[in-house]
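Peer 1: To be precise about what I am sending: the file is called my_file-v6.csv and holds CSV, C-alpha atoms.
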```csv
chain,number,residue,atom,x,y,z
A,58,MET,CA,15.8,24.9,8.6
A,59,ALA,CA,16.3,24.3,4.9
A,60,ALA,CA,17.3,20.8,3.9
A,61,SER,CA,20.5,20.1,1.9
A,62,SER,CA,20.6,18.3,-1.4
A,63,ALA,CA,22.3,15.4,0.5
A,64,GLN,CA,19.4,15.1,2.8
A,65,ILE,CA,16.9,15.0,0.0
A,66,GLY,CA,19.1,12.4,-1.8
A,67,SER,CA,19.2,10.4,1.4
A,68,SER,CA,15.4,10.5,1.7
A,69,ILE,CA,15.0,9.3,-1.9
A,70,ALA,CA,17.5,6.5,-1.3
A,71,ALA,CA,15.7,5.4,1.9
A,72,ILE,CA,12.5,5.1,-0.1
A,73,ARG,CA,14.3,3.1,-2.8
A,74,GLU,CA,15.9,0.7,-0.4
A,75,ASP,CA,13.0,0.3,2.1
A,76,ARG,CA,11.8,-3.3,2.1
A,77,GLU,CA,9.9,-3.2,5.4
A,78,HIS,CA,7.1,-0.6,4.9
A,79,GLY,CA,4.2,-0.7,2.5
A,80,ALA,CA,3.2,1.6,-0.4
A,81,SER,CA,1.0,3.9,1.7
A,82,PHE,CA,3.8,4.6,4.2
A,83,LEU,CA,6.3,5.3,1.5
A,84,ALA,CA,3.8,7.6,-0.4
A,85,ARG,CA,3.6,9.7,2.8
A,86,LYS,CA,7.3,9.8,3.0
A,87,ALA,CA,7.6,10.9,-0.6
A,88,VAL,CA,5.2,13.8,0.1
A,89,ARG,CA,7.3,14.8,3.0
A,90,THR,CA,10.4,14.7,0.8
A,91,MET,CA,8.6,17.1,-1.6
A,92,VAL,CA,7.9,19.5,1.2
A,93,MET,CA,11.5,19.3,2.4
A,94,ALA,CA,12.7,20.0,-1.1
A,95,ALA,CA,10.5,23.1,-1.4
A,96,ARG,CA,12.2,24.5,1.7
A,97,SER,CA,15.7,23.8,0.3
A,98,VAL,CA,15.5,26.3,-2.6
A,99,PRO,CA,14.7,30.0,-2.7
A,100,ALA,CA,11.1,30.9,-3.8
A,101,GLY,CA,10.9,32.1,-7.4
A,102,ALA,CA,11.8,31.0,-10.9
A,103,GLY,CA,12.8,27.4,-11.1
A,104,VAL,CA,11.1,26.0,-8.0
A,105,GLU,CA,8.3,24.4,-10.0
A,106,ASP,CA,10.6,22.7,-12.4
A,107,TYR,CA,12.8,21.5,-9.6
A,108,LEU,CA,9.8,19.9,-7.8
A,109,ARG,CA,8.4,18.3,-10.9
A,110,GLY,CA,11.8,16.8,-11.6
A,111,LEU,CA,12.0,15.5,-8.0
A,112,ALA,CA,8.5,14.0,-8.4
A,113,ARG,CA,9.7,12.0,-11.4
A,114,GLU,CA,12.7,10.8,-9.4
A,115,LEU,CA,10.6,9.7,-6.5
A,116,ALA,CA,8.2,7.8,-8.8
A,117,ARG,CA,11.2,6.0,-10.4
A,118,ALA,CA,12.6,5.1,-7.0
A,119,ARG,CA,9.9,2.5,-6.5
A,120,PRO,CA,8.1,2.0,-9.8
A,121,THR,CA,5.9,-0.9,-8.6
A,122,MET,CA,4.4,1.2,-5.8
A,123,VAL,CA,2.0,3.5,-7.7
A,124,PRO,CA,0.8,5.4,-4.6
A,125,ILE,CA,4.2,7.2,-4.6
A,126,ARG,CA,3.6,8.5,-8.1
A,127,ASN,CA,0.0,9.4,-7.4
A,128,ALA,CA,0.7,11.1,-4.2
A,129,VAL,CA,3.5,13.4,-5.5
A,130,ALA,CA,1.3,14.1,-8.6
A,131,ARG,CA,-1.5,15.2,-6.3
A,132,PHE,CA,1.0,17.4,-4.4
A,133,LEU,CA,2.0,19.1,-7.7
A,134,GLU,CA,-1.6,19.5,-8.8
A,135,GLN,CA,-2.6,21.2,-5.5
A,136,MET,CA,0.6,23.4,-5.5
A,137,GLU,CA,-0.3,24.5,-9.0
A,138,ALA,CA,-3.9,25.3,-7.9
A,139,THR,CA,-2.5,27.6,-5.1
A,140,GLY,CA,-0.5,29.5,-7.7
A,141,CYS,CA,2.3,29.7,-5.2
A,142,TRP,CA,5.5,27.5,-5.1
A,143,ASP,CA,7.0,28.7,-1.8
A,144,SER,CA,7.8,26.6,1.3
A,145,GLU,CA,4.7,27.8,3.2
A,146,ALA,CA,2.4,26.6,0.5
A,147,ALA,CA,4.3,23.3,0.2
A,148,ALA,CA,3.9,22.6,3.9
A,149,ARG,CA,0.2,23.3,3.8
A,150,VAL,CA,-0.3,21.2,0.6
A,151,GLY,CA,1.8,18.4,2.1
A,152,ARG,CA,-0.4,18.2,5.2
A,153,GLU,CA,-3.5,18.1,2.9
A,154,VAL,CA,-2.2,15.3,0.7
A,155,GLU,CA,-1.1,13.3,3.7
A,156,GLY,CA,-4.6,13.7,5.1
A,157,LEU,CA,-6.1,12.5,1.9
A,158,LEU,CA,-3.8,9.5,1.9
A,159,GLU,CA,-4.8,8.6,5.5
A,160,HIS,CA,-8.5,9.1,4.9
A,161,ALA,CA,-8.4,6.9,1.8
A,162,VAL,CA,-6.7,4.1,3.8
A,163,VAL,CA,-9.1,4.4,6.7
A,164,GLN,CA,-12.2,4.3,4.5
A,165,ALA,CA,-10.9,1.4,2.4
A,166,ALA,CA,-10.2,-0.6,5.5
A,167,ALA,CA,-13.6,0.2,6.9
A,168,ARG,CA,-15.2,-1.1,3.6
A,169,ALA,CA,-13.2,-4.3,3.9
A,170,ALA,CA,-14.0,-4.8,7.6
A,171,ALA,CA,-17.7,-4.4,6.8
A,172,MET,CA,-17.8,-7.3,4.4
A,173,ILE,CA,-16.1,-9.7,6.8
A,174,ARG,CA,-18.7,-11.9,8.4
A,175,ASP,CA,-18.7,-12.8,12.1
A,176,GLY,CA,-16.9,-16.0,12.7
A,177,SER,CA,-14.9,-15.8,9.5
A,178,ARG,CA,-11.5,-17.6,9.0
A,179,VAL,CA,-9.5,-15.1,7.0
A,180,LEU,CA,-6.3,-16.1,5.0
A,181,THR,CA,-3.8,-13.4,4.0
A,182,CYS,CA,-0.2,-13.0,3.0
A,183,SER,CA,2.6,-10.5,2.6
A,184,TYR,CA,2.3,-7.3,4.7
A,185,SER,CA,-0.4,-4.6,4.3
A,186,SER,CA,-1.2,-1.9,6.8
A,187,THR,CA,-4.6,-1.6,5.2
A,188,VAL,CA,-5.4,-5.3,5.7
A,189,ALA,CA,-4.2,-5.0,9.3
A,190,ARG,CA,-6.4,-2.0,9.8
A,191,ALA,CA,-9.4,-3.8,8.3
A,192,LEU,CA,-9.0,-6.9,10.4
A,193,VAL,CA,-8.5,-5.0,13.6
A,194,GLU,CA,-11.6,-2.9,12.8
A,195,ALA,CA,-13.6,-6.0,12.2
A,196,HIS,CA,-12.4,-7.4,15.5
A,197,ARG,CA,-13.2,-4.2,17.4
A,198,SER,CA,-16.8,-4.3,16.0
A,199,CYS,CA,-17.2,-7.5,18.0
A,200,LYS,CA,-16.8,-9.8,15.1
A,201,ALA,CA,-15.2,-13.1,16.1
A,202,LEU,CA,-12.6,-14.1,13.5
A,203,SER,CA,-9.4,-16.0,13.1
A,204,VAL,CA,-6.6,-15.0,10.8
A,205,LEU,CA,-4.1,-17.3,9.1
A,206,VAL,CA,-1.1,-15.4,7.8
A,207,LEU,CA,1.2,-17.0,5.3
A,208,GLU,CA,4.8,-16.5,6.4
A,209,SER,CA,5.5,-14.7,3.0
A,210,GLY,CA,9.3,-15.2,3.1
A,211,SER,CA,11.3,-12.9,0.8
A,212,GLY,CA,15.1,-13.0,1.2
A,213,HIS,CA,15.8,-12.7,4.9
A,214,THR,CA,12.4,-11.2,5.7
A,215,ALA,CA,9.1,-12.9,6.6
A,216,HIS,CA,6.6,-10.2,6.0
A,217,GLY,CA,3.7,-12.3,7.3
A,218,ARG,CA,5.3,-12.6,10.7
A,219,ARG,CA,5.2,-8.8,11.1
A,220,LEU,CA,1.5,-8.7,10.2
A,221,ALA,CA,0.6,-11.6,12.5
A,222,SER,CA,2.5,-9.9,15.3
A,223,GLU,CA,0.6,-6.6,14.9
A,224,LEU,CA,-2.7,-8.5,14.8
A,225,ALA,CA,-1.9,-10.5,17.9
A,226,LYS,CA,-1.0,-7.3,19.8
A,227,ALA,CA,-4.4,-6.0,18.9
A,228,GLY,CA,-6.1,-9.0,20.4
A,229,LEU,CA,-6.8,-11.0,17.3
A,230,ASP,CA,-6.5,-14.8,16.9
A,231,ALA,CA,-3.7,-14.7,14.3
A,232,ARG,CA,-1.4,-17.6,13.4
A,233,VAL,CA,1.6,-17.8,11.0
A,234,VAL,CA,1.5,-20.6,8.5
A,235,ALA,CA,4.5,-21.7,6.5
A,236,ASP,CA,4.1,-20.9,2.8
A,237,ARG,CA,4.5,-24.5,1.9
A,238,ASP,CA,1.3,-25.3,3.8
A,239,MET,CA,-0.8,-22.9,1.7
A,240,GLY,CA,-2.7,-25.8,0.0
A,241,LYS,CA,-3.8,-27.2,3.4
A,242,VAL,CA,-4.9,-24.0,5.1
A,243,VAL,CA,-6.8,-22.6,2.1
A,244,LYS,CA,-9.3,-25.5,2.5
A,245,VAL,CA,-10.4,-24.2,5.9
A,246,ALA,CA,-10.5,-20.5,5.0
A,247,ASP,CA,-13.8,-18.6,4.3
A,248,LEU,CA,-12.0,-15.9,2.4
A,249,ALA,CA,-8.6,-14.5,1.5
A,250,LEU,CA,-7.9,-10.8,1.9
A,251,VAL,CA,-4.7,-9.1,0.7
A,252,GLY,CA,-3.5,-5.6,0.0
A,253,ALA,CA,-2.1,-4.1,-3.1
A,254,ASP,CA,0.7,-1.9,-4.3
A,255,ARG,CA,-0.9,-1.3,-7.7
A,256,VAL,CA,-4.3,-1.9,-9.3
A,257,LEU,CA,-4.1,-1.8,-13.1
A,258,PRO,CA,-7.0,-0.5,-15.3
A,259,GLY,CA,-8.2,-4.0,-16.2
A,260,GLY,CA,-8.4,-5.1,-12.6
A,261,ASP,CA,-5.1,-6.9,-12.4
A,262,VAL,CA,-3.3,-6.3,-9.1
A,263,VAL,CA,0.4,-6.1,-8.1
A,264,ASN,CA,1.2,-7.2,-4.5
A,265,GLY,CA,3.9,-8.9,-2.6
A,266,ALA,CA,4.6,-12.6,-2.9
A,267,PRO,CA,3.0,-15.2,-2.6
A,268,SER,CA,-0.1,-13.3,-3.6
A,269,LEU,CA,-0.3,-15.1,-7.0
A,270,GLU,CA,0.1,-18.6,-5.5
A,271,LEU,CA,-2.5,-17.7,-2.9
A,272,ALA,CA,-5.0,-16.5,-5.5
A,273,LEU,CA,-4.5,-19.7,-7.6
A,274,ALA,CA,-5.0,-21.8,-4.5
A,275,CYS,CA,-8.2,-19.9,-3.6
A,276,ARG,CA,-9.5,-20.5,-7.1
A,277,GLY,CA,-8.9,-24.2,-6.8
A,278,ALA,CA,-10.6,-24.4,-3.4
A,279,SER,CA,-13.5,-22.1,-4.4
A,280,VAL,CA,-12.5,-19.6,-1.7
A,281,PRO,CA,-13.1,-15.9,-2.6
A,282,PHE,CA,-9.9,-13.9,-3.0
A,283,TYR,CA,-10.4,-10.2,-2.1
A,284,VAL,CA,-8.1,-7.2,-2.5
A,285,VAL,CA,-8.3,-4.0,-0.4
A,286,ALA,CA,-6.7,-1.0,-2.0
A,287,ASP,CA,-7.4,2.7,-1.6
A,288,SER,CA,-7.7,4.9,-4.7
A,289,PHE,CA,-4.1,6.2,-4.5
A,290,LYS,CA,-3.2,2.6,-5.7
A,291,LEU,CA,-5.2,2.8,-8.9
A,292,ASP,CA,-2.9,3.0,-11.9
A,293,SER,CA,-4.1,4.7,-15.1
A,294,GLU,CA,-1.0,4.1,-17.1
A,295,GLY,CA,-1.3,0.4,-17.9
A,296,ALA,CA,0.7,-2.7,-17.2
A,297,PRO,CA,4.1,-2.4,-15.6
A,298,GLN,CA,7.0,-3.3,-17.9
A,299,ALA,CA,8.8,-5.1,-15.0
A,300,LEU,CA,8.1,-5.8,-11.4
A,301,GLU,CA,10.5,-5.2,-8.5
A,302,PRO,CA,11.8,-8.4,-6.9
A,303,GLY,CA,9.3,-9.8,-4.4
A,304,PHE,CA,6.2,-8.5,-6.2
A,305,GLN,CA,3.7,-10.5,-8.3
A,306,LEU,CA,1.0,-9.7,-10.8
A,307,VAL,CA,-2.4,-11.3,-9.9
A,308,PRO,CA,-4.8,-11.5,-12.9
A,309,ALA,CA,-8.2,-10.0,-12.4
A,310,ARG,CA,-9.9,-13.3,-13.2
A,311,LEU,CA,-8.6,-14.7,-9.9
A,312,ILE,CA,-9.9,-11.7,-7.8
A,313,ALA,CA,-13.5,-11.7,-6.4
A,314,ALA,CA,-13.4,-8.0,-5.9
A,315,VAL,CA,-11.1,-5.0,-5.3
A,316,ILE,CA,-12.4,-3.0,-2.3
A,317,THR,CA,-11.6,0.7,-2.3
A,318,GLU,CA,-12.9,3.6,-0.1
A,319,GLU,CA,-15.6,4.2,-2.7
A,320,GLY,CA,-17.0,0.6,-2.5
```
Reformat the file's structure so that it appears as structure tokens.

Peer 2:
Amino acid sequence: MAASSAQIGSSIAAIREDREHGASFLARKAVRTMVMAARSVPAGAGVEDYLRGLARELARARPTMVPIRNAVARFLEQMEATGCWDSEAAARVGREVEGLLEHAVVQAAARAAAMIRDGSRVLTCSYSSTVARALVEAHRSCKALSVLVLESGSGHTAHGRRLASELAKAGLDARVVADRDMGKVVKVADLALVGADRVLPGGDVVNGAPSLELALACRGASVPFYVVADSFKLDSEGAPQALEPGFQLVPARLIAAVITEEG
């Protein structure tokens, strides 16, 4: 059944207003919106322009989350490669791009899990599905580890509590720590691992608060601060002019390494 313009507008609004899910989830939702839109207009002249315009609108909906822009750009590239702009091609390309997104996250998480040593005390903050996957994978590979999750309060939401809950359900030793106690817990951590919504060309990273404060605390305590981010989060366009509320820019000088699916 073809979607109406109201449904497409509702999907864009949901992406714009979503403060619960991370960039990878919203990138997949953006791709599904592109597929839905392709079904809403007759094949023929004007479809390509319509989808390109929609891609720009989706990218503007959450400018801090570069995976949305990169995912819809990949969708357009593969649609162009097919030479066909109908709904059938869109559905096929949408599945392919979602598969690429999932593969990138899985492999990046595996890389991060591999570098976590047995017995590590890992400190993290905000919410990242990739960090969650990496820690669970390290745990399942029989590595004993404990996780300290900063509460990461933003407005009425404590993003860290959601992450700690997911980790605990997977059997990990995960404890929520108040943001104000960051200076204390960083002294007992072996490493910090956070996700990212955007990795800039010079290595600076955009992620949810309090990532910057955590990176600074790690520098002061000589604790390595790592970022795990799949390649869809790599930004080739330079520094953002402004960040959405709740996000912070972490300078590359504070980051020990950015771990992607490629290494």

Peer 1: Using only C-alpha atoms, can you tell me which of A:Arg237, A:Arg113, A:Arg218, A:Arg310 comes closest to A:Gly259?

Peer 2: A:Arg310

Peer 1: Identify which of the residues A:Phe132, A:Arg73, A:Met122, A:Gly151 lies closest to A:Val262, counting all atoms listed in the file when measuring atom-to-atom distances.

Peer 2: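 Under the stated criterion, the closest residue is A:Met122.
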
Peer 1: Ranking A:Val179, A:Leu157, A:Leu224, A:Ala231 by minimum distance to A:Cys275 and counting only C-alpha atoms, which one comes first?

Peer 2: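 Distance minimum relative to A:Cys275 lands on A:Val179.
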
Peer 1: May I have the residues within 8 Å of A:Pro120 as a short mmCIF file (atom, residue, chain, number, x, y, z; two decimals) with C-alpha atoms, in the coordinates of the input, using only C-alpha atoms and disregarding those fewer than 3 positions away in the same chain?

Peer 2:
```cif
data_model
loop_
_atom_site.label_atom_id
_atom_site.label_comp_id
_atom_site.auth_asym_id
_atom_site.auth_seq_id
_atom_site.Cartn_x
_atom_site.Cartn_y
_atom_site.Cartn_z
CA ALA A 116 8.20 7.80 -8.80
CA ARG A 117 11.20 6.00 -10.40
CA VAL A 123 2.00 3.50 -7.70
CA LEU A 300 8.10 -5.80 -11.40
CA GLU A 301 10.50 -5.20 -8.50
#
```

Peer 1: Which residues are near A:Ala95? Cut-off 12 Å, all atoms listed in the file, ignore same chain within fewer than 3 positions. Put them as a short mmCIF file (atom, residue, chain, number, x, y, z; two decimals) with C-alpha atoms, in the coordinates of the input.

Peer 2:
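Contents of selection.cif, freshly written:
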```cif
data_model
loop_
_atom_site.label_atom_id
_atom_site.label_comp_id
_atom_site.auth_asym_id
_atom_site.auth_seq_id
_atom_site.Cartn_x
_atom_site.Cartn_y
_atom_site.Cartn_z
CA MET A 58 15.80 24.90 8.60
CA ALA A 59 16.30 24.30 4.90
CA ALA A 60 17.30 20.80 3.90
CA SER A 61 20.50 20.10 1.90
CA SER A 62 20.60 18.30 -1.40
CA ILE A 65 16.90 15.00 0.00
CA VAL A 88 5.20 13.80 0.10
CA ARG A 89 7.30 14.80 3.00
CA THR A 90 10.40 14.70 0.80
CA MET A 91 8.60 17.10 -1.60
CA VAL A 92 7.90 19.50 1.20
CA VAL A 98 15.50 26.30 -2.60
CA PRO A 99 14.70 30.00 -2.70
CA ALA A 100 11.10 30.90 -3.80
CA GLY A 101 10.90 32.10 -7.40
CA GLY A 103 12.80 27.40 -11.10
CA VAL A 104 11.10 26.00 -8.00
CA GLU A 105 8.30 24.40 -10.00
CA ASP A 106 10.60 22.70 -12.40
CA TYR A 107 12.80 21.50 -9.60
CA LEU A 108 9.80 19.90 -7.80
CA ARG A 109 8.40 18.30 -10.90
CA LEU A 111 12.00 15.50 -8.00
CA ALA A 112 8.50 14.00 -8.40
CA PHE A 132 1.00 17.40 -4.40
CA LEU A 133 2.00 19.10 -7.70
CA MET A 136 0.60 23.40 -5.50
CA CYS A 141 2.30 29.70 -5.20
CA TRP A 142 5.50 27.50 -5.10
CA ASP A 143 7.00 28.70 -1.80
CA SER A 144 7.80 26.60 1.30
CA GLU A 145 4.70 27.80 3.20
CA ALA A 146 2.40 26.60 0.50
CA ALA A 147 4.30 23.30 0.20
CA ALA A 148 3.90 22.60 3.90
CA ARG A 149 0.20 23.30 3.80
CA VAL A 150 -0.30 21.20 0.60
CA GLY A 151 1.80 18.40 2.10
#
```

Peer 1: Would you work out the distance separating atom CA of A:Lys200 from atom CA of A:Phe289, expressed in Å to one decimal?

Peer 2: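 Rounded to one decimal, the two atoms are 28.3 Å apart.
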
Peer 1: Considering only C-alpha atoms, can you say which of A:Leu306, A:Leu291, A:Ala130, A:Ala253 comes closest to A:Thr181?

Peer 2: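 Comparing A:Leu306, A:Leu291, A:Ala130, A:Ala253 against A:Thr181, the winner is A:Ala253.
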
Peer 1: For A:Ser186, which residue among A:Leu229, A:Ala201, A:Ala80, A:Ile316 is the nearest when counting all atoms listed in the file?

Peer 2: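 Of the candidates, the smallest distance to A:Ser186 is held by A:Ala80.
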
Peer 1: Could you check the closest approach to A:Arg131 for each of A:Leu158, A:Ala171, A:Val256, A:Val243 and tell me which residue wins, using all atoms listed in the file?

Peer 2: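 Ranked by minimum distance to A:Arg131, first place goes to A:Leu158.
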
Peer 1: I'd like the neighbourhood of A:Ala274 as a list in words, where a residue qualifies if any of its atoms comes within 8 Å (using only C-alpha atoms), though same-chain residues fewer than 2 positions away should be ignored.

Peer 2: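 Surrounding residues, per the criterion: Met239, Gly240, Val243, Glu270, Leu271, Ala272, Arg276, Gly277 and Ala278 of chain A.
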
Peer 1: Restricting the output to C-alpha atoms, write the selected residues as a tab-separated table (two decimals), keeping the file's coordinate frame.

Peer 2:
```tsv
chain	number	residue	atom	x	y	z
A	239	MET	CA	-0.80	-22.90	1.70
A	240	GLY	CA	-2.70	-25.80	0.00
A	243	VAL	CA	-6.80	-22.60	2.10
A	270	GLU	CA	0.10	-18.60	-5.50
A	271	LEU	CA	-2.50	-17.70	-2.90
A	272	ALA	CA	-5.00	-16.50	-5.50
A	276	ARG	CA	-9.50	-20.50	-7.10
A	277	GLY	CA	-8.90	-24.20	-6.80
A	278	ALA	CA	-10.60	-24.40	-3.40
```

Peer 1: Report, in Å with one decimal, the straight-line distance from atom CA of A:Thr139 to atom CA of A:Gly110.

Peer 2: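 Going from atom CA of A:Thr139 over to atom CA of A:Gly110, I get 19.1 Å.
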
Peer 1: Within 8 Å of stretch 76-78 of chain A, counting only C-alpha atoms, which residues qualify if same-chain residues fewer than 3 places away don't, as a list in words?

Peer 2: Phe82, Leu83 and His216 of chain A

Peer 1: Atom CA of A:Leu180 to atom CA of A:Leu205: how many Å, to one decimal?

Peer 2: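 Separation between atom CA of A:Leu180 and atom CA of A:Leu205: 4.8 Å.
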
Peer 1: Excluding same-chain residues fewer than 3 positions from A:Val285, what lies within 7 Å of it counting only C-alpha atoms, as an MDAnalysis selection string?

Peer 2: chainID A and resid 165 169 188 251:253 315:317

Peer 1: Filtering to C-alpha atoms, could you give me those residues as a compact mmCIF listing (two decimals), keeping the file's coordinate frame?

Peer 2:
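And here is the file that came out, selection22.txt:
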```txt
# COMPACT_ATOMS: atom_id res chain seq x y z
CA ALA A 165 -10.90 1.40 2.40
CA ALA A 169 -13.20 -4.30 3.90
CA VAL A 188 -5.40 -5.30 5.70
CA VAL A 251 -4.70 -9.10 0.70
CA GLY A 252 -3.50 -5.60 0.00
CA ALA A 253 -2.10 -4.10 -3.10
CA VAL A 315 -11.10 -5.00 -5.30
CA ILE A 316 -12.40 -3.00 -2.30
CA THR A 317 -11.60 0.70 -2.30
```
